[in-house]
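Novice: The structure under discussion is supplied below as structure tokens; questions concerning it will follow.
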Amino acid sequence: MDPDRIRPSFPAPTFRGNQEAALDAIRDAFAAGNDVVLVRAPTGSGKSLLARAVAGAARTPEEVDPADATGAYYTTPQVSQLDDVAEDDLLDDLNVIRGKSNYTCILPDETTTPVDRAPCARESGYDCTVQHRCPYYADRAVASNRSIAAMTLAYFMQTAGSEVFGRRDVVVIDEAHGLAEWAEMYATVDLRPSTVPVWDDVGVPDVTAADDPVDRTARFAETLAGVCERAAGDLTASDDLTPAEAARRDRLQELRSELQWFVSDYRDPTSATTWVVDQPDGEGTAITIKPLDPERYLHHTVWDRGNKFALLSATILDKAAFCRGVGLDPANVALVDVPHTFPLDNRPLYDVTQGKMTYEHRDDTLPDVARLLVRLLARHADEKGLVHCHSYAIQERLADRLADFGVDARVHTHDREDRDRALEDWKATDDPDVFLSVKMEEALDLRGDLARWQVLCKAPYLNTSDSRVARRLEEGQWAWYYRTALRTVIQAAGRIVRAPDDHGATYLADSSLLDLFDRARGDMPDWFADAVDRSTRPDLPAFDPEAALVAVDATPDSGAGRQSRSRSRSTGSTAAPTTRDATDDSGASADGDDAPDDHPLSDVWGE
């Protein structure tokens with residue numbers, strides 16, 4: 001890497017905000033010999049442009065020996081962030097590659113078949129005459145041969161050890177704050193009938209009954225890996241597979257690899273990873289194998305993939321804690337802190353707390369939160385808004401209350417399956433509607449009139465029934481626990497104010513949020529602490545459903561609109577709630593079960 005090339009590689013014609021100073025600080029940090037530079041830059045700082053500038057400093061083939069690493073990777077955990085990069089004219093030299101399942105085959109009879117299920121994946125020795133025009137292989141060839149390859153973190157990790165995407169000089173990770181959690185989720189092994197094609201061919205023991213559940217699980221995993229290998233081998237021996245058989249073969253091979261990785265890491269005395277196992281229903285039922293601090297996994301999939309690294313986010317809150325979580329030596333890591341340039345008046349926090357939204361208080365507090373939403377709908381009668389519900393259980397109860405008040409003509413919801421479509425429907429409407437969202441605190445750009453106000457319904461504590469969280473709390477890692485919740489709040493606060501001249505109000509409905517701010521004060525960036533200190537309790541209109549509907553062609557009719565456009569068009573609030581809705585004395589939510597789909601980051605994870 002040549003740090004002096006960072007600033008000239010900036011892709012925009014002019015700098016805005018603190019971009020120029022940030023680039024100089026990043027250059028100086030690399031020039032000082034640091035291998036990793038953390039860039040803490042608030043929402044709207046133009047992090048993708050900063051990332052492109054750092055990637056442009058990578059060595060070129062003309063500058064080094066043939067065996068030396070050149071070029072750069074740009075990667076992000078968030079699919080929507082990669083979509084934004086692909087559509088940005090200033091970033092058109094970031095060559096985007098996605099997983100095979102995102103492309104369709106171009107053969108005449110296969111135009112609806114994903115490439116990973118096309119004849120080349122099903123038929124032994126298949127010679128595709130149009131592979132040079134295949135959208136997947138064409139994108140892969142371009143990305144592998146150009147100086148900057150862009151991909152999701154999922155695809156980046158999957159290609160570890162690939163000859164096509166080997167080591168490069170510079171790796172830039174955008175939205176890197178959740179890197180440890182992403183690695184934990186990606187390395188989790190979920191064993192249940194829907195994920196194990198040979199489930200009926202093995203006897204699943206009660207691993208939790210053993211003196212050492214993890215060791216018993218490792219022995220079972222070895223057996224299961226052997227069954228998967230034999231079953232995959234039988235399919236591989238076939239010259240012609242159906243798409244379903246190809247999918248079964250690929251899943252068997254993937255599962256075998258996951259199981260072998262777990263066993264290898266568990267039995268490695270030098271590994272820093274701690275493994276925990278969940279099997280709440282005993283013999284014959286699902287087992288989830290989860291890693292804590294997957295340092296070795298990250299070294300294989302991330303740190304061994306480059307010479308220099310830039311990690312960008314608004315919410316890398318504590319350098320030492322972040323480095324500890326991802327297996328980096330803080331002595332080789334620099335932190336560049338980029339100040340906020342958005343006026344405080346444009347991004348106010350308002351205290352509208354109604355009480356605690358913990359499980360034991362929710363029945364009392366939630367009706368008041370629903371009434372609060374009606375008052376906010378009246379205050380923002382002609383403006384779109386976003387409600388962070390935290391869980392599907394809370395979302396459904398709020399949607400029902402708002403329908404009972406007769407204001408559901410302005411309400412959109414979603415479920416797990418239709419979240420993207422429902423979000424796009426809501427964004428596309430010109431009506432001043434409100435979107436009741438779950439797990440949309442990140443990867444959402446609601447600039448301008450897309451949203452002028454938002455509500456945080458509950459302090460976003462992690463699920464304490466998750467064995468990883470429980471294990472850390474048993475070890476006294478409360479600072480990590482509060483810091484993780486604060487990170488989510490700060491991310492949420494950045495969804496609706498995206499530029500210096502943008503504006504939007506964030507309302508805090510759960511009094512536990514105020515407690516969180518006190519507990520995690522030392523981890524707050526100054527610019528967010530300033531907003532907390534300036535927060536006030538606003539004067540709101542009285543509760544009046546008619547006032548909430550003055551800007552739309554509707555009238556409150558106490559429940560009569562329950563099947564109106566919010567549900568016929570977005571259909572989300574008819575979804576079943578998650579299976580548990582509990583909390584411990586700390587106020588931590590345990591909404592949802594322990595399946596990987598309920599991981600706090602799962603809804604923004606993608607290939």
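Chain labels run A, B, ... following the order of the structure tokens; each chain numbers its residues from 1, and ligands are numbered from 1 in the order shown.
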Could you give me, as a PyMOL selection string, the residues within 9 Å of segment 364-379 of chain A, counting only C-alpha atoms and dropping anything in the same chain fewer than 3 positions from it?
Specialist: chain A and resi 352-358+360-361+382-385+387+394+397-399+401-402+405+407+410+432-434+453+455+457+509-510+540-550
Novice: Dump N, CA and C atoms for the selected residues as a short mmCIF file (atom, residue, chain, number, x, y, z; two decimals), in the first residue's frame?
Specialist:
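Saved file part10.cif follows:
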```cif
data_model
loop_
_atom_site.label_atom_id
_atom_site.label_comp_id
_atom_site.auth_asym_id
_atom_site.auth_seq_id
_atom_site.Cartn_x
_atom_site.Cartn_y
_atom_site.Cartn_z
N VAL A 352 -40.04 10.82 25.02
CA VAL A 352 -41.49 10.62 25.11
C VAL A 352 -41.76 9.31 25.84
N THR A 353 -40.88 8.97 26.78
CA THR A 353 -40.96 7.66 27.44
C THR A 353 -42.29 7.47 28.15
N GLN A 354 -42.81 6.25 28.01
CA GLN A 354 -44.10 5.89 28.58
C GLN A 354 -43.97 4.89 29.72
N GLY A 355 -42.77 4.43 29.99
CA GLY A 355 -42.53 3.39 30.98
C GLY A 355 -41.63 2.34 30.40
N LYS A 356 -41.41 1.27 31.14
CA LYS A 356 -40.52 0.20 30.68
C LYS A 356 -41.26 -0.74 29.73
N MET A 357 -40.53 -1.18 28.70
CA MET A 357 -41.09 -2.15 27.76
C MET A 357 -40.53 -3.55 28.00
N THR A 358 -39.96 -3.79 29.20
CA THR A 358 -39.57 -5.14 29.56
C THR A 358 -40.82 -6.01 29.71
N GLU A 360 -42.19 -7.87 31.98
CA GLU A 360 -43.08 -7.78 33.13
C GLU A 360 -43.86 -6.47 33.18
N HIS A 361 -43.40 -5.44 32.44
CA HIS A 361 -44.09 -4.16 32.41
C HIS A 361 -44.82 -3.89 31.09
N ASP A 382 -48.56 15.07 7.94
CA ASP A 382 -48.25 14.97 6.51
C ASP A 382 -46.83 14.48 6.27
N GLU A 383 -46.26 13.74 7.24
CA GLU A 383 -44.89 13.24 7.11
C GLU A 383 -44.82 11.74 7.39
N LYS A 384 -43.97 11.04 6.63
CA LYS A 384 -43.78 9.61 6.82
C LYS A 384 -42.90 9.35 8.03
N GLY A 385 -43.15 8.22 8.69
CA GLY A 385 -42.39 7.88 9.88
C GLY A 385 -42.06 6.40 9.94
N VAL A 387 -41.22 3.19 12.81
CA VAL A 387 -41.27 2.74 14.20
C VAL A 387 -40.40 1.49 14.33
N ILE A 394 -44.06 -7.35 19.54
CA ILE A 394 -44.43 -5.95 19.80
C ILE A 394 -45.08 -5.33 18.57
N ARG A 397 -48.75 -6.43 18.25
CA ARG A 397 -49.63 -5.83 19.26
C ARG A 397 -49.86 -4.35 18.98
N LEU A 398 -48.82 -3.65 18.54
CA LEU A 398 -49.01 -2.24 18.19
C LEU A 398 -49.93 -2.08 16.99
N ALA A 399 -49.73 -2.94 15.98
CA ALA A 399 -50.59 -2.86 14.79
C ALA A 399 -52.06 -3.09 15.16
N ARG A 401 -53.48 -2.51 18.10
CA ARG A 401 -53.96 -1.33 18.84
C ARG A 401 -54.27 -0.18 17.90
N LEU A 402 -53.37 0.07 16.95
CA LEU A 402 -53.59 1.17 16.02
C LEU A 402 -54.82 0.92 15.15
N PHE A 405 -57.80 1.78 17.13
CA PHE A 405 -57.99 3.24 17.19
C PHE A 405 -58.49 3.79 15.85
N VAL A 407 -56.68 4.08 12.98
CA VAL A 407 -55.70 4.86 12.22
C VAL A 407 -54.84 3.97 11.33
N ARG A 410 -52.88 4.56 7.87
CA ARG A 410 -51.53 5.12 7.73
C ARG A 410 -50.45 4.13 8.15
N PRO A 432 -48.44 9.96 3.81
CA PRO A 432 -47.65 10.13 5.05
C PRO A 432 -47.82 8.94 5.99
N ASP A 433 -47.40 7.78 5.53
CA ASP A 433 -47.63 6.54 6.27
C ASP A 433 -46.50 6.24 7.23
N VAL A 434 -46.77 5.39 8.20
CA VAL A 434 -45.77 4.96 9.17
C VAL A 434 -45.52 3.46 8.96
N TRP A 453 -39.56 11.26 10.83
CA TRP A 453 -39.60 10.96 12.26
C TRP A 453 -39.54 9.46 12.46
N VAL A 455 -39.51 6.27 15.86
CA VAL A 455 -39.73 5.95 17.28
C VAL A 455 -38.96 4.69 17.63
N CYS A 457 -39.16 1.88 20.18
CA CYS A 457 -40.16 1.36 21.12
C CYS A 457 -39.55 0.63 22.30
N ALA A 509 -39.37 5.97 23.32
CA ALA A 509 -40.61 5.61 24.00
C ALA A 509 -40.41 4.73 25.23
N ASP A 510 -39.28 4.05 25.33
CA ASP A 510 -39.01 3.11 26.42
C ASP A 510 -38.09 3.78 27.45
N LEU A 540 -46.89 17.48 22.77
CA LEU A 540 -47.54 16.71 21.71
C LEU A 540 -49.04 17.02 21.67
N PRO A 541 -49.67 16.84 20.52
CA PRO A 541 -51.12 17.01 20.44
C PRO A 541 -51.82 16.00 21.36
N ALA A 542 -53.02 16.31 21.71
CA ALA A 542 -53.83 15.38 22.49
C ALA A 542 -54.13 14.14 21.66
N PHE A 543 -54.50 13.07 22.33
CA PHE A 543 -54.88 11.84 21.63
C PHE A 543 -56.16 12.08 20.83
N ASP A 544 -56.05 11.98 19.52
CA ASP A 544 -57.19 12.26 18.65
C ASP A 544 -56.99 11.53 17.33
N PRO A 545 -57.56 10.35 17.16
CA PRO A 545 -57.38 9.59 15.92
C PRO A 545 -57.76 10.38 14.67
N GLU A 546 -58.79 11.26 14.77
CA GLU A 546 -59.16 12.04 13.59
C GLU A 546 -58.02 12.96 13.17
N ALA A 547 -57.34 13.56 14.13
CA ALA A 547 -56.21 14.44 13.81
C ALA A 547 -55.07 13.67 13.16
N ALA A 548 -54.96 12.39 13.46
CA ALA A 548 -53.90 11.57 12.86
C ALA A 548 -54.16 11.27 11.39
N LEU A 549 -55.40 11.51 10.93
CA LEU A 549 -55.78 11.14 9.56
C LEU A 549 -56.13 12.33 8.69
N VAL A 550 -55.83 13.54 9.15
CA VAL A 550 -56.29 14.72 8.41
C VAL A 550 -55.67 14.83 7.02
#
```
Novice: Could you pull out the strand (DSSP E) residues of segment 436-585 of chain A from DSSP and send them as a list in words?
Specialist: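 Restricting segment 436-585 of chain A to strand (DSSP E) produces Leu436, Ser437, Trp453, Gln454, Val455, Leu456, Ala505, Thr506, Tyr507 and Leu508 of chain A.
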Novice: So the first atom is atom CA of Pro77 of chain A and the second is atom CA of Leu153 of chain A; what is the distance between them in Å, to one decimal place?
Specialist: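 One can read the atom CA of Pro77 of chain A to atom CA of Leu153 of chain A distance as 4.7 Å.
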Novice: Pick out the closest residue to Tyr136 of chain A from this set: A:Gln158, A:Thr113, A:Ser101, A:Ser467. Count only C-alpha atoms.
Specialist: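 The answer is A:Ser101, which sits nearest to Tyr136 of chain A.
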Novice: Determine, counting only C-alpha atoms, which protein, DNA and RNA residues have an atom within 9 Å of an atom of segment 480-494 of chain A; residues of the same chain fewer than 6 positions away are not included. Present the result as JSON, numbers by chain.
Specialist: {"A": [42, 43, 44, 177, 314, 315, 316, 317, 318, 321, 347, 349, 388, 440, 441, 442, 443, 444, 445, 454, 456, 459, 460, 461, 462, 469, 472, 473, 505, 506, 513, 516, 517, 519, 520, 523, 524, 528]}
Novice: Keeping only C-alpha atoms, write the selected residues to a file as a PDB file, in the first residue's frame.
Specialist:
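File written: again01.pdb
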```pdb
ATOM      1  CA  PRO A  42     -20.978   9.194  11.581  1.00  0.00           C
ATOM      2  CA  THR A  43     -23.860   8.460   9.248  1.00  0.00           C
ATOM      3  CA  GLY A  44     -23.703  10.731   6.216  1.00  0.00           C
ATOM      4  CA  HIS A 177     -18.980  -2.703  13.717  1.00  0.00           C
ATOM      5  CA  ALA A 314     -20.257   4.910  12.830  1.00  0.00           C
ATOM      6  CA  THR A 315     -20.353   2.627  15.852  1.00  0.00           C
ATOM      7  CA  ILE A 316     -16.978   1.111  16.647  1.00  0.00           C
ATOM      8  CA  LEU A 317     -17.459   2.382  20.181  1.00  0.00           C
ATOM      9  CA  ASP A 318     -14.423   1.008  22.022  1.00  0.00           C
ATOM     10  CA  ALA A 321     -13.038  -4.113  23.075  1.00  0.00           C
ATOM     11  CA  ARG A 347     -31.262  15.431  14.407  1.00  0.00           C
ATOM     12  CA  LEU A 349     -33.742  13.177  20.285  1.00  0.00           C
ATOM     13  CA  HIS A 388     -38.528   0.396  15.465  1.00  0.00           C
ATOM     14  CA  MET A 440     -34.261  -2.347  10.526  1.00  0.00           C
ATOM     15  CA  GLU A 441     -31.944  -0.317  12.724  1.00  0.00           C
ATOM     16  CA  GLU A 442     -29.195  -0.773  10.129  1.00  0.00           C
ATOM     17  CA  ALA A 443     -28.763  -0.803   6.351  1.00  0.00           C
ATOM     18  CA  LEU A 444     -31.627   1.609   5.712  1.00  0.00           C
ATOM     19  CA  ASP A 445     -31.299   4.984   3.985  1.00  0.00           C
ATOM     20  CA  GLN A 454     -38.992   7.654  13.959  1.00  0.00           C
ATOM     21  CA  LEU A 456     -37.615   3.537  19.306  1.00  0.00           C
ATOM     22  CA  ALA A 459     -34.159  -0.662  24.383  1.00  0.00           C
ATOM     23  CA  PRO A 460     -32.547  -3.165  21.957  1.00  0.00           C
ATOM     24  CA  TYR A 461     -30.858  -5.473  24.437  1.00  0.00           C
ATOM     25  CA  LEU A 462     -29.650  -8.798  23.098  1.00  0.00           C
ATOM     26  CA  VAL A 469     -25.214 -13.864  25.523  1.00  0.00           C
ATOM     27  CA  ARG A 472     -20.893 -13.653  28.490  1.00  0.00           C
ATOM     28  CA  LEU A 473     -23.142 -12.277  31.195  1.00  0.00           C
ATOM     29  CA  ALA A 505     -36.847  13.623  14.848  1.00  0.00           C
ATOM     30  CA  THR A 506     -36.110  10.494  16.886  1.00  0.00           C
ATOM     31  CA  LEU A 513     -33.353   3.687  26.906  1.00  0.00           C
ATOM     32  CA  LEU A 516     -29.013   2.509  28.895  1.00  0.00           C
ATOM     33  CA  PHE A 517     -27.626   5.967  28.127  1.00  0.00           C
ATOM     34  CA  ARG A 519     -24.887   2.875  31.844  1.00  0.00           C
ATOM     35  CA  ALA A 520     -23.084   3.200  28.490  1.00  0.00           C
ATOM     36  CA  ASP A 523     -18.844   4.499  25.150  1.00  0.00           C
ATOM     37  CA  MET A 524     -20.852   7.245  23.436  1.00  0.00           C
ATOM     38  CA  PHE A 528     -24.302  11.344  20.051  1.00  0.00           C
TER      39      PHE A 528
END
```
Novice: Nearest to Ser271 of chain A among A:Leu224, A:Val96, A:Val85, A:Leu292, with distances taken over only C-alpha atoms: which residue is it?
Specialist: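 Of A:Leu224, A:Val96, A:Val85, A:Leu292, the one nearest Ser271 of chain A is A:Leu292, counting only C-alpha atoms.
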Novice: Enter the distance from atom CA of Trp261 of chain A to atom CA of Cys323 of chain A, in Å, rounded to one decimal.
Specialist: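 Atom-to-atom, atom CA of Trp261 of chain A to atom CA of Cys323 of chain A, that is 23.2 Å.
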Novice: Taking only segment 338-388 of chain A into account, list the residues labelled alpha helix (DSSP H) by DSSP (computed from the backbone), as a ChimeraX atom specification.
Specialist: /A:359-379
Novice: Write a file of the selected residues as a PDB file, in the first residue's frame, keeping N, CA, C and O atoms.
Specialist:
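The result, stored in out-v5.pdb:
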```
ATOM      1  N   TYR A 359     -40.627  -7.324  29.683  1.00  0.00           N
ATOM      2  CA  TYR A 359     -41.769  -8.237  29.617  1.00  0.00           C
ATOM      3  C   TYR A 359     -42.746  -8.032  30.775  1.00  0.00           C
ATOM      4  O   TYR A 359     -43.959  -7.991  30.582  1.00  0.00           O
ATOM      5  N   GLU A 360     -42.190  -7.874  31.982  1.00  0.00           N
ATOM      6  CA  GLU A 360     -43.084  -7.782  33.129  1.00  0.00           C
ATOM      7  C   GLU A 360     -43.856  -6.469  33.177  1.00  0.00           C
ATOM      8  O   GLU A 360     -44.872  -6.356  33.870  1.00  0.00           O
ATOM      9  N   HIS A 361     -43.400  -5.445  32.438  1.00  0.00           N
ATOM     10  CA  HIS A 361     -44.092  -4.157  32.411  1.00  0.00           C
ATOM     11  C   HIS A 361     -44.815  -3.889  31.088  1.00  0.00           C
ATOM     12  O   HIS A 361     -45.517  -2.886  30.957  1.00  0.00           O
ATOM     13  N   ARG A 362     -44.646  -4.769  30.117  1.00  0.00           N
ATOM     14  CA  ARG A 362     -45.105  -4.458  28.754  1.00  0.00           C
ATOM     15  C   ARG A 362     -46.616  -4.327  28.651  1.00  0.00           C
ATOM     16  O   ARG A 362     -47.123  -3.473  27.917  1.00  0.00           O
ATOM     17  N   ASP A 363     -47.351  -5.167  29.366  1.00  0.00           N
ATOM     18  CA  ASP A 363     -48.807  -5.074  29.270  1.00  0.00           C
ATOM     19  C   ASP A 363     -49.316  -3.709  29.714  1.00  0.00           C
ATOM     20  O   ASP A 363     -50.335  -3.220  29.215  1.00  0.00           O
ATOM     21  N   ASP A 364     -48.600  -3.096  30.656  1.00  0.00           N
ATOM     22  CA  ASP A 364     -48.994  -1.768  31.105  1.00  0.00           C
ATOM     23  C   ASP A 364     -48.502  -0.665  30.169  1.00  0.00           C
ATOM     24  O   ASP A 364     -49.206   0.333  29.947  1.00  0.00           O
ATOM     25  N   THR A 365     -47.300  -0.847  29.628  1.00  0.00           N
ATOM     26  CA  THR A 365     -46.665   0.222  28.856  1.00  0.00           C
ATOM     27  C   THR A 365     -47.094   0.246  27.397  1.00  0.00           C
ATOM     28  O   THR A 365     -47.268   1.316  26.808  1.00  0.00           O
ATOM     29  N   LEU A 366     -47.276  -0.923  26.802  1.00  0.00           N
ATOM     30  CA  LEU A 366     -47.532  -0.962  25.358  1.00  0.00           C
ATOM     31  C   LEU A 366     -48.796  -0.200  24.948  1.00  0.00           C
ATOM     32  O   LEU A 366     -48.770   0.517  23.939  1.00  0.00           O
ATOM     33  N   PRO A 367     -49.899  -0.283  25.675  1.00  0.00           N
ATOM     34  CA  PRO A 367     -51.061   0.537  25.274  1.00  0.00           C
ATOM     35  C   PRO A 367     -50.753   2.029  25.266  1.00  0.00           C
ATOM     36  O   PRO A 367     -51.260   2.769  24.395  1.00  0.00           O
ATOM     37  N   ASP A 368     -49.910   2.463  26.200  1.00  0.00           N
ATOM     38  CA  ASP A 368     -49.541   3.880  26.215  1.00  0.00           C
ATOM     39  C   ASP A 368     -48.647   4.232  25.026  1.00  0.00           C
ATOM     40  O   ASP A 368     -48.742   5.337  24.475  1.00  0.00           O
ATOM     41  N   VAL A 369     -47.786   3.298  24.629  1.00  0.00           N
ATOM     42  CA  VAL A 369     -46.955   3.531  23.446  1.00  0.00           C
ATOM     43  C   VAL A 369     -47.837   3.637  22.203  1.00  0.00           C
ATOM     44  O   VAL A 369     -47.606   4.482  21.324  1.00  0.00           O
ATOM     45  N   ALA A 370     -48.865   2.787  22.119  1.00  0.00           N
ATOM     46  CA  ALA A 370     -49.781   2.856  20.968  1.00  0.00           C
ATOM     47  C   ALA A 370     -50.500   4.203  20.932  1.00  0.00           C
ATOM     48  O   ALA A 370     -50.645   4.816  19.862  1.00  0.00           O
ATOM     49  N   ARG A 371     -50.953   4.684  22.076  1.00  0.00           N
ATOM     50  CA  ARG A 371     -51.606   5.996  22.123  1.00  0.00           C
ATOM     51  C   ARG A 371     -50.605   7.097  21.758  1.00  0.00           C
ATOM     52  O   ARG A 371     -50.953   8.076  21.084  1.00  0.00           O
ATOM     53  N   LEU A 372     -49.352   6.928  22.203  1.00  0.00           N
ATOM     54  CA  LEU A 372     -48.304   7.880  21.831  1.00  0.00           C
ATOM     55  C   LEU A 372     -48.150   7.940  20.312  1.00  0.00           C
ATOM     56  O   LEU A 372     -48.011   9.034  19.732  1.00  0.00           O
ATOM     57  N   LEU A 373     -48.188   6.786  19.656  1.00  0.00           N
ATOM     58  CA  LEU A 373     -48.043   6.770  18.204  1.00  0.00           C
ATOM     59  C   LEU A 373     -49.161   7.547  17.523  1.00  0.00           C
ATOM     60  O   LEU A 373     -48.938   8.222  16.511  1.00  0.00           O
ATOM     61  N   VAL A 374     -50.373   7.457  18.049  1.00  0.00           N
ATOM     62  CA  VAL A 374     -51.475   8.230  17.471  1.00  0.00           C
ATOM     63  C   VAL A 374     -51.186   9.724  17.609  1.00  0.00           C
ATOM     64  O   VAL A 374     -51.420  10.510  16.672  1.00  0.00           O
ATOM     65  N   ARG A 375     -50.665  10.134  18.742  1.00  0.00           N
ATOM     66  CA  ARG A 375     -50.339  11.547  18.950  1.00  0.00           C
ATOM     67  C   ARG A 375     -49.215  11.993  18.012  1.00  0.00           C
ATOM     68  O   ARG A 375     -49.224  13.111  17.479  1.00  0.00           O
ATOM     69  N   LEU A 376     -48.244  11.102  17.780  1.00  0.00           N
ATOM     70  CA  LEU A 376     -47.151  11.434  16.860  1.00  0.00           C
ATOM     71  C   LEU A 376     -47.648  11.464  15.415  1.00  0.00           C
ATOM     72  O   LEU A 376     -47.175  12.275  14.602  1.00  0.00           O
ATOM     73  N   LEU A 377     -48.578  10.589  15.079  1.00  0.00           N
ATOM     74  CA  LEU A 377     -49.181  10.648  13.745  1.00  0.00           C
ATOM     75  C   LEU A 377     -49.869  11.992  13.532  1.00  0.00           C
ATOM     76  O   LEU A 377     -49.855  12.550  12.427  1.00  0.00           O
ATOM     77  N   ALA A 378     -50.478  12.526  14.584  1.00  0.00           N
ATOM     78  CA  ALA A 378     -51.115  13.840  14.471  1.00  0.00           C
ATOM     79  C   ALA A 378     -50.067  14.945  14.376  1.00  0.00           C
ATOM     80  O   ALA A 378     -50.230  15.898  13.602  1.00  0.00           O
ATOM     81  N   ARG A 379     -48.988  14.810  15.149  1.00  0.00           N
ATOM     82  CA  ARG A 379     -47.933  15.835  15.085  1.00  0.00           C
ATOM     83  C   ARG A 379     -47.269  15.854  13.715  1.00  0.00           C
ATOM     84  O   ARG A 379     -46.853  16.900  13.216  1.00  0.00           O
TER      85      ARG A 379
END
```
Novice: Need the shell around Thr152 of chain A: protein/DNA/RNA residues with any atom at most 10 Å away, counting only C-alpha atoms. Skip same-chain ones fewer than 4 positions apart. Format as a list in words?
Specialist: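 My reading of the contact set: Tyr74, Thr75, Thr76, Pro77, Gln78, Val79, Ser80, Gln81, Leu82, Asp83, Val96, Ile97, Arg98, Gly99, Phe156, Met157, Gln158, Ile173, Asp174, Trp605, Gly606 and Glu607 of chain A.
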Novice: Ranking A:Val333, A:Leu235, A:Val338, A:Ala12 by minimum distance to Ser124 of chain A and counting only C-alpha atoms, which one comes first?
Specialist: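 Ranking A:Val333, A:Leu235, A:Val338, A:Ala12 by distance to Ser124 of chain A, first place goes to A:Leu235.
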Novice: Find the residues near Asp201 of chain A: any atom within 12 Å, counting only C-alpha atoms, skip ones fewer than 4 places away on the same chain, and give them as a list in words.
Specialist: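 That gives Pro193, Val196, Pro197, Thr223, Leu224, Gly226, Val227, Cys228, Arg230, Ala231 and Gly284 of chain A.
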